[in-house]
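A.B. asks: Dumping the structure here so I can ask a few things about it.
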Amino acid sequence: MKYYSTRGGVSGIRFQDAVMMGLAEDGGLLLPDEFPFLGDELESLRNLAYPELAFEIISRFVDDIPMNALRELINKSYATFDDNRVIPVTKLKSCYLAELYHGPTYAFKDVALQFLGNLFEYIMTKRDMKLNILGATSGDTGSAAIYGVRGKKNVTISILYPDGRVSAVQELQMTSVGDKNVFTYAVDGTFDDCQYIVKELFGDLDFKKQMHLGAVNSINWARILAQIVYYFYAWFRLPSKEAAYMVVPTGNFGNIFAGYCAKKMGLPIEKLVLATNANNILHRFIASGDYSLREVVGTHSPSMDIQVASNLERYLYFLYGQNSGLLKRALSELKSENRINFSDVEMKKVREEFISADVDNAASEKAIKRVHDEDKLVIEPHTACGVEAAYRLGLPAERTICFSTAHPAKFPDVVQKVLGFLPDKPAGIAKLDGAARRTEKLKNSADAVRAVMKSKLTNNI
Ligand SMILES: *Cc1c(COP(=O)(O)O)cnc(C)c1O
C-alpha cells in the first residue's frame, strides 16, 4: 500500500514514511492508494477480540512492517486499556453507546495515540533516528499524545494548548507528567491559533528538518487508521446486521473521517451522523451548504471548540472527485473569503453520506439529564452532543451507535451542574489530585514556539 497527498505533490510513499511525514510536504494530507474492501469478510471478522480485529484491519494498510511485529505493536497499544473489551458497547434506551474512553487518559484519542506512540518507537529504533513531536491540542489530544510517548527513547513531545480553554483535568493530565521528554506550552490564543502555528512550523521545511519534527495531530494517517477499527467493532455488537447510524461528536473531523473510511471499506453504515456543539460550521455545511468561518465560542465541550476542521480536507478531496486542483481552489477560496461555496450536486453527494445536528450547552445538559433518568448512566458533554443529535433526529435505537468520547470524570463541572453530584473518578484521574505541574506560557506566535523549541531540545537534534 502506497500513500499520496490530497494536494497532488506527494505520491508513492510507504506506510512508515507516511507516519513520519504527518502533514504531507506539499501542505496536504496523506491518503492510501486504495481502501481494501472487507464487505465480503464481515462474518469472519465479527467475533474477533479487539486487538485481533485491529490487526486484521490495520495490516491491510501496512506493507513495510513485518506482520508479527505489527501484531505486537497493536497488542501492546490496547493492553493499556482498563477494560479487556477495549471498546465496551452498552445498550441504552435511545441507542447503543460505544465507550471509546478506556485508555490511559480517558478520552477516545488514546485509541489512536497509544498505537502511534508505539509506532514511533518502533520506527525510531529501526532507523536509529531522533524525533521531536509537535502538536496542538484543544485538550484531549495533548494528554493522549503525551501518554503515548512519555519516557520513550529518542523522542520528545512539545504540546501547545490554548491557555485557559482546556478543562482542569486535561491541564493536570498534560502538565503533571514528570518525564524529561515532555514539554507543554499554554498559548495566549484559541485552539485554532495553536493549530495554525503547528501548521506553519511544519510548513517551514528547514525548521522541520533541522528539528526532526513529527506530528501527532489528527492529520497523521496512522491515527485515522487506528480509529477505523472501532466502527467495525461497534457495528458487530449490534443485534441486527442492518446498516447502522454512527453518531460522532465532531470537532476536527478526524473521528468521523475514520467512519467514512470504514464505509468505503464495506461496513454497512446508513449515515454518518455528525454532531457539533455551538461551533457548528460542520453542521451548517451539511444542513444548508453554509461553510463559512465564524468566531470560536467556548462551550461545555472544549475538545469540539473548533472552526477549521483540518481533516475535512481528506473528505473534500473525495467530494471533488479526487481532483487536487479543485480541492486547492476551494482551500484558497476559504483563505481569501473565509468560506467555501458548494454546488447543489456537491451538497447532494454530502447528504448521501452525512446528516447532522448542532447541540448547544442547554441541549447537551438536557441529554445528560435524560440519559441519567432513563439509563442511570452518567455521560459527559461531548458524548451528550452525539446522544442529543440521535434523539433530535429520531434515529432507531436498535441500529444507532453513539460514540462516547470521554469519561465523565474528565468534564466533572457540567455533570455536577446538571445532576447535582460529581462523577466517580477512575484510578488514573483520582491520582492527579494535588500532583505537581510543569508548564510555560507563550505568546500567540510561531516565532515564540520556534525559539523555545530550539532552546529546549538541544539534546535531541
Ligand atoms: C477530540 C475530541 C472530540 C472530537 O474529535 P475529532 O476527531 O477532532 O472530531 C470529541 N470528543 C472528545 C472528548 C475529544 O477529545
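Identifiers in this document derive from the order of the C-alpha cells: chains are assigned A, B, ..., residues are numbered from 1 separately in each chain, and ligands are numbered from 1 in order of occurrence.
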Quick one: which range 318-382 of chain A residues come within 10 Å of range 302-312 of chain A, and what is the nearest atom pair for each with the distance in Å to one decimal, counting only C-alpha atoms, rows ordered by chain and ascending number, as a tab-separated table?

C.D. replies:
residue	atom	partner	partner_atom	distance
A:Leu334	CA	A:Val308	CA	9.9
A:Pro381	CA	A:Pro302	CA	9.1
A:His382	CA	A:Met304	CA	7.5

A.B. asks: Which residues of chain A come within 8 Å of ligand 1, and for each one, what is the closest pair of atoms and their distance in Å to one decimal, counting only C-alpha atoms and all ligand atoms, sorted by chain and residue number, as a Markdown table?

C.D. replies:
| residue | atom | partner | partner_atom_place_in_ligand_line | distance |
| --- | --- | --- | --- | --- |
| A:Ala107 | CA | ligand 1 | 13 (C) | 5.5 |
| A:Phe108 | CA | ligand 1 | 15 (O) | 6.2 |
| A:Lys109 | CA | ligand 1 | 15 (O) | 6.1 |
| A:Ser138 | CA | ligand 1 | 1 (C) | 7.4 |
| A:Gly139 | CA | ligand 1 | 15 (O) | 6.8 |
| A:Asp140 | CA | ligand 1 | 15 (O) | 4.4 |
| A:Thr141 | CA | ligand 1 | 1 (C) | 6.3 |
| A:Ser218 | CA | ligand 1 | 7 (O) | 6.8 |
| A:Val248 | CA | ligand 1 | 9 (O) | 7.7 |
| A:Pro249 | CA | ligand 1 | 10 (C) | 5.1 |
| A:Thr250 | CA | ligand 1 | 9 (O) | 3.6 |
| A:Gly251 | CA | ligand 1 | 9 (O) | 3.7 |
| A:Asn252 | CA | ligand 1 | 8 (O) | 3.5 |
| A:Phe253 | CA | ligand 1 | 9 (O) | 4.0 |
| A:Gly254 | CA | ligand 1 | 7 (O) | 3.5 |
| A:Asn255 | CA | ligand 1 | 7 (O) | 3.7 |
| A:Ile256 | CA | ligand 1 | 9 (O) | 6.4 |
| A:Phe257 | CA | ligand 1 | 7 (O) | 7.9 |
| A:Ser301 | CA | ligand 1 | 11 (N) | 7.3 |
| A:Ser303 | CA | ligand 1 | 2 (C) | 4.8 |
| A:Met304 | CA | ligand 1 | 4 (C) | 5.3 |
| A:Ala309 | CA | ligand 1 | 8 (O) | 7.6 |
| A:His382 | CA | ligand 1 | 11 (N) | 5.0 |
| A:Thr383 | CA | ligand 1 | 11 (N) | 6.7 |
| A:Ser404 | CA | ligand 1 | 11 (N) | 7.7 |
| A:Thr405 | CA | ligand 1 | 13 (C) | 4.4 |
| A:Ala406 | CA | ligand 1 | 13 (C) | 4.4 |
| A:His407 | CA | ligand 1 | 13 (C) | 8.0 |

A.B. asks: Could you dump the residues just selected with N, CA and C atoms as a CSV table (one decimal), in the first residue's frame?

C.D. replies:
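After the write, again.csv holds the following:
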chain,number,residue,atom,x,y,z
A,107,ALA,N,-10.0,9.4,27.2
A,107,ALA,CA,-10.7,10.0,26.1
A,107,ALA,C,-10.4,9.2,24.8
A,108,PHE,N,-11.2,9.4,23.8
A,108,PHE,CA,-11.1,8.4,22.7
A,108,PHE,C,-9.7,8.5,21.9
A,109,LYS,N,-9.0,9.6,22.1
A,109,LYS,CA,-7.8,9.8,21.4
A,109,LYS,C,-6.7,8.8,21.8
A,138,SER,N,-6.8,20.8,21.7
A,138,SER,CA,-7.9,21.6,22.4
A,138,SER,C,-8.1,20.9,23.7
A,139,GLY,N,-7.3,20.0,24.1
A,139,GLY,CA,-7.4,19.4,25.5
A,139,GLY,C,-7.0,17.9,25.4
A,140,ASP,N,-7.8,17.1,24.7
A,140,ASP,CA,-7.6,15.7,24.9
A,140,ASP,C,-6.4,15.1,24.0
A,141,THR,N,-6.2,15.7,22.9
A,141,THR,CA,-5.1,15.2,22.1
A,141,THR,C,-3.8,15.3,22.8
A,218,SER,N,-4.5,15.1,14.5
A,218,SER,CA,-5.3,14.1,13.8
A,218,SER,C,-5.1,14.1,12.3
A,248,VAL,N,-21.3,10.7,15.8
A,248,VAL,CA,-20.0,11.1,16.2
A,248,VAL,C,-19.9,12.6,16.6
A,249,PRO,N,-19.6,12.8,17.9
A,249,PRO,CA,-19.3,14.2,18.3
A,249,PRO,C,-18.1,14.7,17.6
A,250,THR,N,-18.2,15.8,16.9
A,250,THR,CA,-17.1,16.1,15.9
A,250,THR,C,-16.5,17.5,16.2
A,251,GLY,N,-15.2,17.6,16.0
A,251,GLY,CA,-14.5,18.9,16.1
A,251,GLY,C,-13.7,19.1,14.9
A,252,ASN,N,-12.7,18.2,14.8
A,252,ASN,CA,-11.6,18.3,13.7
A,252,ASN,C,-11.9,17.4,12.6
A,253,PHE,N,-13.0,16.6,12.6
A,253,PHE,CA,-13.4,15.7,11.5
A,253,PHE,C,-12.5,14.5,11.4
A,254,GLY,N,-11.7,14.2,12.5
A,254,GLY,CA,-10.8,13.1,12.4
A,254,GLY,C,-11.6,11.8,12.7
A,255,ASN,N,-12.3,11.8,13.8
A,255,ASN,CA,-13.0,10.6,14.2
A,255,ASN,C,-14.0,10.2,13.1
A,256,ILE,N,-14.8,11.2,12.6
A,256,ILE,CA,-15.9,10.8,11.7
A,256,ILE,C,-15.3,10.5,10.3
A,257,PHE,N,-14.1,11.0,10.0
A,257,PHE,CA,-13.5,10.6,8.7
A,257,PHE,C,-13.1,9.2,8.7
A,301,SER,N,-18.1,21.6,25.8
A,301,SER,CA,-17.4,20.5,25.2
A,301,SER,C,-16.1,21.1,24.4
A,303,SER,N,-13.2,20.2,23.6
A,303,SER,CA,-12.5,19.5,22.5
A,303,SER,C,-13.2,19.6,21.2
A,304,MET,N,-14.3,20.2,21.1
A,304,MET,CA,-15.0,20.4,19.9
A,304,MET,C,-15.2,21.9,19.6
A,309,ALA,N,-11.7,22.6,10.6
A,309,ALA,CA,-11.6,21.2,10.8
A,309,ALA,C,-10.6,20.6,9.9
A,382,HIS,N,-19.3,16.1,25.6
A,382,HIS,CA,-19.1,15.8,24.2
A,382,HIS,C,-20.0,14.7,23.7
A,383,THR,N,-20.0,13.6,24.5
A,383,THR,CA,-20.9,12.5,24.3
A,383,THR,C,-22.3,12.9,24.2
A,404,SER,N,-19.1,7.4,22.6
A,404,SER,CA,-18.9,8.1,23.8
A,404,SER,C,-17.4,8.4,23.9
A,405,THR,N,-17.0,9.7,23.8
A,405,THR,CA,-15.6,10.1,23.5
A,405,THR,C,-14.8,10.4,24.7
A,406,ALA,N,-15.4,10.6,25.9
A,406,ALA,CA,-14.6,10.8,27.1
A,406,ALA,C,-15.3,10.3,28.3
A,407,HIS,N,-14.5,10.0,29.3
A,407,HIS,CA,-15.1,9.6,30.6
A,407,HIS,C,-15.7,10.8,31.3

A.B. asks: Restricting the calculation to only C-alpha atoms: of A:Asp375, A:Asp358, A:Asp433, A:Asp206, which residue gets closest to Tyr96 in chain A?

C.D. replies: A:Asp375

A.B. asks: Restricting the calculation to only C-alpha atoms: of A:Lys199, A:Arg165, A:Arg223, A:Lys209, which residue gets closest to Ala145 in chain A?

C.D. replies: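 Closest candidate: A:Arg223.
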
A.B. asks: Which residues are close to Leu100 in chain A, i.e. within 12 Å by only C-alpha atoms, leaving aside same-chain residues fewer than 3 positions away? Reply as a ChimeraX atom specification.

C.D. replies: /A:78,81-83,85-90,97,103-112,227,229-231,233-234,248-249,255,382-383,401-408

A.B. asks: Name the closest residue to Ile269 in chain A among the candidates A:Tyr4, A:Phe354, A:Tyr185, A:Tyr161; distances are taken between atoms, counting only C-alpha atoms.

C.D. replies: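 Using only C-alpha atoms, the shortest distance to Ile269 in chain A belongs to A:Phe354.
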
A.B. asks: Please determine, counting only C-alpha atoms, which residue among A:Glu52, A:Glu313, A:Glu353, A:Glu295 has the shortest atom-to-atom distance to Asn338 in chain A.

C.D. replies: A:Glu295

A.B. asks: Which of range 203-287 of chain A end up as helix (DSSP H, G or I) when DSSP is run on this backbone - answer as an MDAnalysis selection string?

C.D. replies: chainID A and resid 203 205:210 221:236 254:264 281:287

A.B. asks: Would you pick out the contacts of range 202-205 of chain A at 9 Å or less, using only C-alpha atoms, so that residues sharing its chain but fewer than 6 positions from it are not included, and give the list as a list of chain:residue names?

C.D. replies: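 The filter keeps A:Gly22, A:Leu23, A:Glu25, A:Asp26, A:Gly27, A:Leu134, A:Leu213, A:Gly214, A:Ala215.
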
A.B. asks: From the set A:Val166, A:Met211, A:Leu395, A:Ala362, which residue has the shortest atom-to-atom contact distance to Val414 in chain A, counting only C-alpha atoms?

C.D. replies: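 Of A:Val166, A:Met211, A:Leu395, A:Ala362, the one nearest Val414 in chain A is A:Ala362, counting only C-alpha atoms.
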
A.B. asks: Fewer than 6 positions away in the same chain doesn't count, so skip those; otherwise give me all residues within 9 Å of Phe35 in chain A, counting only C-alpha atoms, as a list in words.

C.D. replies: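 The residues satisfying every condition are Arg60, Phe61, Cys261, Ala262, Lys264 and Met265 of chain A.
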
A.B. asks: Write a file of the just-selected residues containing C-alpha atoms, as an mmCIF file, in the first residue's frame.

C.D. replies:
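As written to disk, result.cif reads:
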data_model
loop_
_atom_site.group_PDB
_atom_site.id
_atom_site.type_symbol
_atom_site.label_atom_id
_atom_site.label_comp_id
_atom_site.auth_asym_id
_atom_site.auth_seq_id
_atom_site.Cartn_x
_atom_site.Cartn_y
_atom_site.Cartn_z
ATOM 1 C CA ARG A 60 -4.134 -4.252 5.065
ATOM 2 C CA PHE A 61 -2.724 -0.735 5.002
ATOM 3 C CA CYS A 261 -13.185 5.198 5.529
ATOM 4 C CA ALA A 262 -14.953 2.268 7.254
ATOM 5 C CA LYS A 264 -15.697 2.872 1.913
ATOM 6 C CA MET A 265 -14.328 -0.480 3.119
#

A.B. asks: Just to confirm, what's the straight-line distance from CA of Met129 in chain A to CA of Val155 in chain A in Å (one decimal)?

C.D. replies: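 So the answer is 8.9 Å.
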
A.B. asks: Excluding Ala287 in chain A and any residue of its chain fewer than 5 positions from it, enumerate the residues within 9 Å of it, using only C-alpha atoms, and give them as a PyMOL selection string.

C.D. replies: chain A and resi 282+351+355-357

A.B. asks: Just N, CA and C atoms for this one: save the residues we selected as a tab-separated table (two decimals), in the first residue's frame.

C.D. replies:
chain	number	residue	atom	x	y	z
A	282	LEU	N	-19.54	22.70	10.73
A	282	LEU	CA	-19.72	21.43	10.01
A	282	LEU	C	-21.21	21.08	9.90
A	351	ARG	N	-24.88	14.88	1.41
A	351	ARG	CA	-26.03	14.39	2.20
A	351	ARG	C	-26.31	12.91	1.98
A	355	ILE	N	-25.69	13.10	7.92
A	355	ILE	CA	-26.70	14.00	8.47
A	355	ILE	C	-26.08	14.63	9.72
A	356	SER	N	-26.71	15.66	10.24
A	356	SER	CA	-26.03	16.38	11.32
A	356	SER	C	-27.00	17.10	12.25
A	357	ALA	N	-26.47	17.52	13.38
A	357	ALA	CA	-27.21	18.39	14.30
A	357	ALA	C	-26.19	19.20	15.08

A.B. asks: What lies within 8 Å of range 236-247 of chain A using only C-alpha atoms, ignoring chain neighbours under 6 positions off, as a PDB file with N, CA, C and O atoms, in the first residue's frame?

C.D. replies:
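Contents of selection-v8.pdb, freshly written:
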ATOM      1  N   ARG A  46     -16.420 -10.809  12.659  1.00  0.00           N
ATOM      2  CA  ARG A  46     -17.417 -10.433  13.667  1.00  0.00           C
ATOM      3  C   ARG A  46     -17.010 -10.748  15.105  1.00  0.00           C
ATOM      4  O   ARG A  46     -17.185  -9.927  15.991  1.00  0.00           O
ATOM      5  N   ASN A  47     -16.473 -11.927  15.352  1.00  0.00           N
ATOM      6  CA  ASN A  47     -16.244 -12.337  16.745  1.00  0.00           C
ATOM      7  C   ASN A  47     -14.813 -12.155  17.237  1.00  0.00           C
ATOM      8  O   ASN A  47     -14.457 -12.629  18.304  1.00  0.00           O
ATOM      9  N   VAL A  89     -19.488  -1.856  24.471  1.00  0.00           N
ATOM     10  CA  VAL A  89     -20.691  -1.267  23.861  1.00  0.00           C
ATOM     11  C   VAL A  89     -21.883  -1.584  24.763  1.00  0.00           C
ATOM     12  O   VAL A  89     -22.134  -2.747  25.072  1.00  0.00           O
ATOM     13  N   TYR A  96     -27.184   2.501  21.103  1.00  0.00           N
ATOM     14  CA  TYR A  96     -26.060   1.756  21.698  1.00  0.00           C
ATOM     15  C   TYR A  96     -24.920   2.744  21.905  1.00  0.00           C
ATOM     16  O   TYR A  96     -24.642   3.567  21.030  1.00  0.00           O
ATOM     17  N   GLY A 259     -14.839   6.956  10.150  1.00  0.00           N
ATOM     18  CA  GLY A 259     -16.105   6.300   9.833  1.00  0.00           C
ATOM     19  C   GLY A 259     -16.372   6.302   8.334  1.00  0.00           C
ATOM     20  O   GLY A 259     -16.866   5.314   7.770  1.00  0.00           O
ATOM     21  N   PRO A 268     -21.520  -1.670   6.678  1.00  0.00           N
ATOM     22  CA  PRO A 268     -22.870  -1.137   6.413  1.00  0.00           C
ATOM     23  C   PRO A 268     -23.217   0.046   7.328  1.00  0.00           C
ATOM     24  O   PRO A 268     -23.624  -0.141   8.468  1.00  0.00           O
ATOM     25  N   ILE A 269     -22.998   1.240   6.829  1.00  0.00           N
ATOM     26  CA  ILE A 269     -23.340   2.461   7.568  1.00  0.00           C
ATOM     27  C   ILE A 269     -24.431   3.176   6.786  1.00  0.00           C
ATOM     28  O   ILE A 269     -24.239   3.518   5.622  1.00  0.00           O
ATOM     29  N   GLU A 270     -25.567   3.345   7.426  1.00  0.00           N
ATOM     30  CA  GLU A 270     -26.696   4.038   6.776  1.00  0.00           C
ATOM     31  C   GLU A 270     -26.321   5.503   6.563  1.00  0.00           C
ATOM     32  O   GLU A 270     -26.359   6.003   5.449  1.00  0.00           O
ATOM     33  N   LYS A 271     -25.973   6.167   7.672  1.00  0.00           N
ATOM     34  CA  LYS A 271     -25.487   7.551   7.591  1.00  0.00           C
ATOM     35  C   LYS A 271     -24.452   7.751   8.685  1.00  0.00           C
ATOM     36  O   LYS A 271     -24.565   7.190   9.778  1.00  0.00           O
ATOM     37  N   LEU A 272     -23.484   8.590   8.404  1.00  0.00           N
ATOM     38  CA  LEU A 272     -22.608   9.106   9.445  1.00  0.00           C
ATOM     39  C   LEU A 272     -23.299  10.347   9.992  1.00  0.00           C
ATOM     40  O   LEU A 272     -23.684  11.232   9.216  1.00  0.00           O
ATOM     41  N   VAL A 273     -23.483  10.366  11.300  1.00  0.00           N
ATOM     42  CA  VAL A 273     -24.248  11.443  11.919  1.00  0.00           C
ATOM     43  C   VAL A 273     -23.279  12.355  12.654  1.00  0.00           C
ATOM     44  O   VAL A 273     -22.643  11.949  13.625  1.00  0.00           O
ATOM     45  N   LEU A 274     -23.156  13.560  12.147  1.00  0.00           N
ATOM     46  CA  LEU A 274     -22.168  14.484  12.668  1.00  0.00           C
ATOM     47  C   LEU A 274     -22.821  15.401  13.702  1.00  0.00           C
ATOM     48  O   LEU A 274     -23.796  16.083  13.396  1.00  0.00           O
ATOM     49  N   ALA A 275     -22.296  15.388  14.920  1.00  0.00           N
ATOM     50  CA  ALA A 275     -22.836  16.243  15.977  1.00  0.00           C
ATOM     51  C   ALA A 275     -21.800  17.288  16.341  1.00  0.00           C
ATOM     52  O   ALA A 275     -20.651  16.958  16.643  1.00  0.00           O
ATOM     53  N   GLY A 386     -23.595  14.045  20.840  1.00  0.00           N
ATOM     54  CA  GLY A 386     -23.968  12.958  19.942  1.00  0.00           C
ATOM     55  C   GLY A 386     -25.295  12.331  20.322  1.00  0.00           C
ATOM     56  O   GLY A 386     -26.172  12.130  19.470  1.00  0.00           O
ATOM     57  N   VAL A 387     -25.452  12.041  21.596  1.00  0.00           N
ATOM     58  CA  VAL A 387     -26.682  11.397  22.059  1.00  0.00           C
ATOM     59  C   VAL A 387     -27.887  12.299  21.776  1.00  0.00           C
ATOM     60  O   VAL A 387     -28.949  11.838  21.345  1.00  0.00           O
ATOM     61  N   ALA A 389     -28.051  14.559  19.394  1.00  0.00           N
ATOM     62  CA  ALA A 389     -28.258  14.587  17.940  1.00  0.00           C
ATOM     63  C   ALA A 389     -29.089  13.381  17.509  1.00  0.00           C
ATOM     64  O   ALA A 389     -30.043  13.508  16.729  1.00  0.00           O
ATOM     65  N   ALA A 390     -28.756  12.202  18.035  1.00  0.00           N
ATOM     66  CA  ALA A 390     -29.506  10.979  17.684  1.00  0.00           C
ATOM     67  C   ALA A 390     -30.966  11.122  18.087  1.00  0.00           C
ATOM     68  O   ALA A 390     -31.877  10.757  17.340  1.00  0.00           O
ATOM     69  N   LEU A 395     -33.416   8.822  15.456  1.00  0.00           N
ATOM     70  CA  LEU A 395     -32.774   7.631  14.893  1.00  0.00           C
ATOM     71  C   LEU A 395     -33.257   6.370  15.630  1.00  0.00           C
ATOM     72  O   LEU A 395     -33.527   6.406  16.832  1.00  0.00           O
ATOM     73  N   GLU A 398     -32.241   0.576  17.819  1.00  0.00           N
ATOM     74  CA  GLU A 398     -31.671  -0.751  17.584  1.00  0.00           C
ATOM     75  C   GLU A 398     -30.505  -0.727  16.598  1.00  0.00           C
ATOM     76  O   GLU A 398     -29.722  -1.670  16.524  1.00  0.00           O
ATOM     77  N   ARG A 399     -30.444   0.298  15.770  1.00  0.00           N
ATOM     78  CA  ARG A 399     -29.318   0.344  14.829  1.00  0.00           C
ATOM     79  C   ARG A 399     -28.630   1.716  14.821  1.00  0.00           C
ATOM     80  O   ARG A 399     -28.213   2.213  13.780  1.00  0.00           O
ATOM     81  N   THR A 400     -28.538   2.262  16.016  1.00  0.00           N
ATOM     82  CA  THR A 400     -27.814   3.526  16.162  1.00  0.00           C
ATOM     83  C   THR A 400     -26.712   3.353  17.195  1.00  0.00           C
ATOM     84  O   THR A 400     -26.962   2.903  18.310  1.00  0.00           O
ATOM     85  N   ILE A 401     -25.503   3.703  16.789  1.00  0.00           N
ATOM     86  CA  ILE A 401     -24.369   3.672  17.710  1.00  0.00           C
ATOM     87  C   ILE A 401     -23.930   5.107  17.971  1.00  0.00           C
ATOM     88  O   ILE A 401     -23.602   5.845  17.042  1.00  0.00           O
ATOM     89  N   CYS A 402     -23.946   5.497  19.243  1.00  0.00           N
ATOM     90  CA  CYS A 402     -23.392   6.796  19.620  1.00  0.00           C
ATOM     91  C   CYS A 402     -22.015   6.548  20.220  1.00  0.00           C
ATOM     92  O   CYS A 402     -21.860   5.696  21.099  1.00  0.00           O
ATOM     93  N   PHE A 403     -21.038   7.287  19.743  1.00  0.00           N
ATOM     94  CA  PHE A 403     -19.702   7.123  20.302  1.00  0.00           C
ATOM     95  C   PHE A 403     -19.539   8.020  21.525  1.00  0.00           C
ATOM     96  O   PHE A 403     -19.804   9.221  21.468  1.00  0.00           O
TER      97      PHE A 403
END

A.B. asks: Please identify the strand (DSSP E or B) residues within range 194-411 of chain A (assignment by DSSP from backbone atoms) and present them as a ChimeraX atom specification.

C.D. replies: /A:213-215,244-249,269-276,291-292,339-340,354-358,400-404,406
